[in-house]
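Here is the structure we will look at.
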Amino acid sequence: MSDILTLTAPPDGFHENPYPFYARLREEAPVCAQPDGSFILSRYADLDMVYRDTDTFISDKKAVFGPKYGVDSPLYEHHTNSLVFNDPPLHTRVRKVMVGAMNPRALAQMEPGLVTLIDSLLDEMADQAEVELIEAFAGAIPIEVIGNLLGIPRDERDPLRDWSLAILGALEPALNDEQLSTGHQAVTDFKAFLRHIIEDRRAHPGDPETDVLTRLMQTTGDHLTEVELYQNCIFILNAGHETTTNLIGNAIALLDQHPAKRAELLANPELITTAVDEFLRLESPNQFGNRLTTRDITLHGVTIPAGTDLHLCMGGANRDPRQFDSPDEMQLDRRPNKHLAFAGGAHTCVGLTLARMEGRIAVGRFLQRYPNYHLTPGAQRGGRIRFRGYARLPATLT
Ligand code: HEM
């Protein structure tokens, strides 16, 4: 067994800079055994193959989540009913509804409101000597966007961010008792919160073209059960929140670390579209995904038995030199850039166009408005393995 990376006990320095560890995994242990019998895969071609082969690599994680959370627990109910941890038929039913609601017309309708929201957040920061950018900016945007998507009243959105962090945090490879109980409580509180929203929407349906909740409730034929409805509402809030916050926060940090790239983007604002994908590739908000094998397979000489949990290291695959020229270098106009930050295959992120739009408008307008911003001491990483981003990112703006 290689000792390069054990996910339940990452080595010193890993959170700060995981990329040298990923590079070693790709070269020395592309199928890296973990003490619990799971494996890490880190090469681009291997992840791409796994995403495409949904017969051999499934998303259902009941076998893993049962022992982890307890089968009667709120976290088990949540994660095992979310579309991302399911295969057909539940996955197909829910995904169809969500994809339909993210249609180009619905997204185009969202754009002016998003610009207004972002500009108002930028205005609010103007007079402050120092701003904490996660709370004041990067974290505030996705909550509003997804709150609008599901029609959650604006004055009721405050608790969403903490619930979402607690529920996704419970996906970390190693959990302490406090993280577990905070995660369970967050699911319970979130469900109670959704009850009146769902009842209200039943009485007053929204526009099914654009309102995801109305769509989920009106799905004809293959109706969602009540549990599936609640848990997938929670999932969509979570899926689009921390990931997008991290995209925006990571991009602002990257541009601070690369002044020449910042100048290049300021001089050529049209590069923001390809730049957002380069930020996603270099500092992928979601660093690890998962699949379970349904049969024995042999990869790079290692036999992986049926029923094995695989950790798919997107953060490593996205810097694989077999796929990307100069993979550690930031190229704002990188093309092609077929990164796996949104995964691939049947479970490719449903919100990728929305996320790119949020990133483009937020980072682009932030930079134009505050071209001389500087991060100040006190940046704090999220400290997660699966999700890469900052918990705090203090900065001065002028
Ligand atoms: C930068 C932001 C985002 C990143 C990096 C991201 C990343 C991902 C990844 C990697 C997956 C696949 C997980 C897997 O199969 O292992 C995924 C799935 C998903 N994402 Fe995103 N996401 C982002 C934003 C969003 C947004 C804004 C929404 C919706 C509002 C969203 C909704 C979803 C949904 C519904 C799925 C499940 C798809 C399925 O299982 O078929 N995501 N996302």
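Scheme for the structure tokens: letters A, B, ... for chains in order shown; per-chain residue numbers from 1; ligand numbers from 1 in order shown.
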
Closest pair table for chain A residues within 6 Å of ligand 1, only C-alpha atoms and all ligand atoms, as JSON lines:
```
{"residue": "A:Leu83", "atom": "CA", "partner": "ligand 1", "partner_atom_place_in_ligand_line": "40 (O)", "distance": 4.9}
{"residue": "A:Val84", "atom": "CA", "partner": "ligand 1", "partner_atom_place_in_ligand_line": "40 (O)", "distance": 3.3}
{"residue": "A:Arg95", "atom": "CA", "partner": "ligand 1", "partner_atom_place_in_ligand_line": "41 (O)", "distance": 5.5}
{"residue": "A:Ile146", "atom": "CA", "partner": "ligand 1", "partner_atom_place_in_ligand_line": "30 (C)", "distance": 5.8}
{"residue": "A:Ile236", "atom": "CA", "partner": "ligand 1", "partner_atom_place_in_ligand_line": "35 (C)", "distance": 5.3}
{"residue": "A:Ala239", "atom": "CA", "partner": "ligand 1", "partner_atom_place_in_ligand_line": "31 (C)", "distance": 4.7}
{"residue": "A:Gly240", "atom": "CA", "partner": "ligand 1", "partner_atom_place_in_ligand_line": "26 (C)", "distance": 3.3}
{"residue": "A:Thr243", "atom": "CA", "partner": "ligand 1", "partner_atom_place_in_ligand_line": "2 (C)", "distance": 4.3}
{"residue": "A:Thr244", "atom": "CA", "partner": "ligand 1", "partner_atom_place_in_ligand_line": "2 (C)", "distance": 3.9}
{"residue": "A:Leu247", "atom": "CA", "partner": "ligand 1", "partner_atom_place_in_ligand_line": "1 (C)", "distance": 5.1}
{"residue": "A:Pro285", "atom": "CA", "partner": "ligand 1", "partner_atom_place_in_ligand_line": "5 (C)", "distance": 5.0}
{"residue": "A:Asn286", "atom": "CA", "partner": "ligand 1", "partner_atom_place_in_ligand_line": "5 (C)", "distance": 5.4}
{"residue": "A:Gly289", "atom": "CA", "partner": "ligand 1", "partner_atom_place_in_ligand_line": "16 (O)", "distance": 4.4}
{"residue": "A:Asn290", "atom": "CA", "partner": "ligand 1", "partner_atom_place_in_ligand_line": "16 (O)", "distance": 5.6}
{"residue": "A:Ala341", "atom": "CA", "partner": "ligand 1", "partner_atom_place_in_ligand_line": "5 (C)", "distance": 5.2}
{"residue": "A:Phe342", "atom": "CA", "partner": "ligand 1", "partner_atom_place_in_ligand_line": "10 (C)", "distance": 3.9}
{"residue": "A:Ala343", "atom": "CA", "partner": "ligand 1", "partner_atom_place_in_ligand_line": "10 (C)", "distance": 4.3}
{"residue": "A:Ala346", "atom": "CA", "partner": "ligand 1", "partner_atom_place_in_ligand_line": "41 (O)", "distance": 5.9}
{"residue": "A:His347", "atom": "CA", "partner": "ligand 1", "partner_atom_place_in_ligand_line": "41 (O)", "distance": 3.4}
{"residue": "A:Thr348", "atom": "CA", "partner": "ligand 1", "partner_atom_place_in_ligand_line": "12 (C)", "distance": 5.2}
{"residue": "A:Cys349", "atom": "CA", "partner": "ligand 1", "partner_atom_place_in_ligand_line": "18 (C)", "distance": 3.6}
{"residue": "A:Val350", "atom": "CA", "partner": "ligand 1", "partner_atom_place_in_ligand_line": "33 (C)", "distance": 4.5}
{"residue": "A:Gly351", "atom": "CA", "partner": "ligand 1", "partner_atom_place_in_ligand_line": "28 (C)", "distance": 3.5}
{"residue": "A:Leu352", "atom": "CA", "partner": "ligand 1", "partner_atom_place_in_ligand_line": "24 (C)", "distance": 5.6}
{"residue": "A:Leu354", "atom": "CA", "partner": "ligand 1", "partner_atom_place_in_ligand_line": "27 (C)", "distance": 5.4}
{"residue": "A:Ala355", "atom": "CA", "partner": "ligand 1", "partner_atom_place_in_ligand_line": "27 (C)", "distance": 4.5}
```

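The neighbours of region 313-319 of chain A here are the residues that come within 8 Å of it, using only C-alpha atoms and leaving out any residue fewer than 5 positions away in the same chain; they are Tyr19, Tyr22, Ala23, Arg26, Ile40, Leu41, Ser42, Arg43, Tyr44, Ala45, Leu47, Arg281, Leu282, Glu283, Ser284, Asn286, Gln287, Phe288, Gly289, Phe324, Pro327, Asp328, His339, Leu340, Ala341 and Ala343 of chain A.
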
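The smallest atom-to-atom distance between Leu292 (chain A) and any of A:Val227, A:Ile304, A:Leu310, A:Ile198, using only C-alpha atoms, is found for A:Leu310.
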
_At a cut-off of 12 Å, using only C-alpha atoms, what residues contact Ile167 (chain A)? Leave out same-chain residues fewer than 6 positions from it and give the result as a ChimeraX atom specification._
/A:69,74-79,82,160-161,175,179-190,231,234-235,237-239,241-242

Name the residues in contact with region 123-132 of chain A at a cut-off of 10 Å, using only C-alpha atoms, excluding same-chain residues fewer than 2 positions from it; report them as a PDB file with C-alpha atoms, in the first residue's frame.
```pdb
ATOM      1  CA  LEU A 117     -27.215  41.549  -6.961  1.00  0.00           C
ATOM      2  CA  ILE A 118     -23.465  41.478  -7.589  1.00  0.00           C
ATOM      3  CA  ASP A 119     -23.248  45.231  -8.124  1.00  0.00           C
ATOM      4  CA  SER A 120     -25.146  45.867  -4.909  1.00  0.00           C
ATOM      5  CA  LEU A 121     -22.737  43.618  -2.971  1.00  0.00           C
ATOM      6  CA  ILE A 134     -16.387  34.950   1.493  1.00  0.00           C
ATOM      7  CA  GLU A 135     -19.109  36.300   3.725  1.00  0.00           C
ATOM      8  CA  ALA A 136     -19.570  39.627   1.960  1.00  0.00           C
ATOM      9  CA  PHE A 137     -19.332  38.389  -1.620  1.00  0.00           C
ATOM     10  CA  ALA A 138     -18.476  34.830  -2.706  1.00  0.00           C
ATOM     11  CA  ARG A 369     -14.606  47.531  -9.847  1.00  0.00           C
ATOM     12  CA  TYR A 370     -11.645  46.857  -7.538  1.00  0.00           C
ATOM     13  CA  HIS A 374      -5.127  42.792  -2.203  1.00  0.00           C
ATOM     14  CA  LEU A 375      -5.623  39.858   0.091  1.00  0.00           C
ATOM     15  CA  THR A 376      -4.549  40.667   3.635  1.00  0.00           C
ATOM     16  CA  GLY A 378      -5.838  36.019   7.839  1.00  0.00           C
ATOM     17  CA  ALA A 379      -6.991  33.917   4.877  1.00  0.00           C
ATOM     18  CA  ALA A 391     -13.652  29.887   4.937  1.00  0.00           C
ATOM     19  CA  ARG A 392     -12.251  33.436   5.227  1.00  0.00           C
ATOM     20  CA  LEU A 393     -10.619  35.653   2.640  1.00  0.00           C
ATOM     21  CA  PRO A 394      -9.896  39.143   4.020  1.00  0.00           C
ATOM     22  CA  ALA A 395      -8.872  41.849   1.573  1.00  0.00           C
ATOM     23  CA  THR A 396      -8.415  45.552   1.095  1.00  0.00           C
ATOM     24  CA  LEU A 397     -10.050  46.859  -2.026  1.00  0.00           C
ATOM     25  CA  THR A 398      -8.106  49.952  -3.003  1.00  0.00           C
TER      26      THR A 398
END
```

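Nearest residue to Val64 (chain A), choosing from A:Met217, A:Val31, A:Leu171, A:Val115 and counting only C-alpha atoms: A:Leu171.
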
*asked:* Please compute the CA of Asp36 (chain A)-CA of Gly344 (chain A) distance, one decimal, in Å.
replied: 26.1 Å

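The gap separating CA of Glu172 (chain A) from CA of Ile385 (chain A) is 6.6 Å, in Å to one decimal.
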
*So which one's closest to His258 (chain A), A:Asn176, A:Glu329, A:Gly113, A:Pro30? Using only C-alpha atoms, please.*
A:Glu329

*asked:* Let's see if you can do this: from backbone DSSP, list all alpha helix (DSSP H) residues in region 34-218 of chain A, as a PyMOL selection string.
replied: chain A and resi 44-52+62-69+74-81+90-101+104-125+133+140-150+160-169+177-203+212-218

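Nearest residue to Met49 (chain A) among A:Pro10, A:Gly345, A:Gly364, A:Pro112 is A:Gly345, counting only C-alpha atoms.
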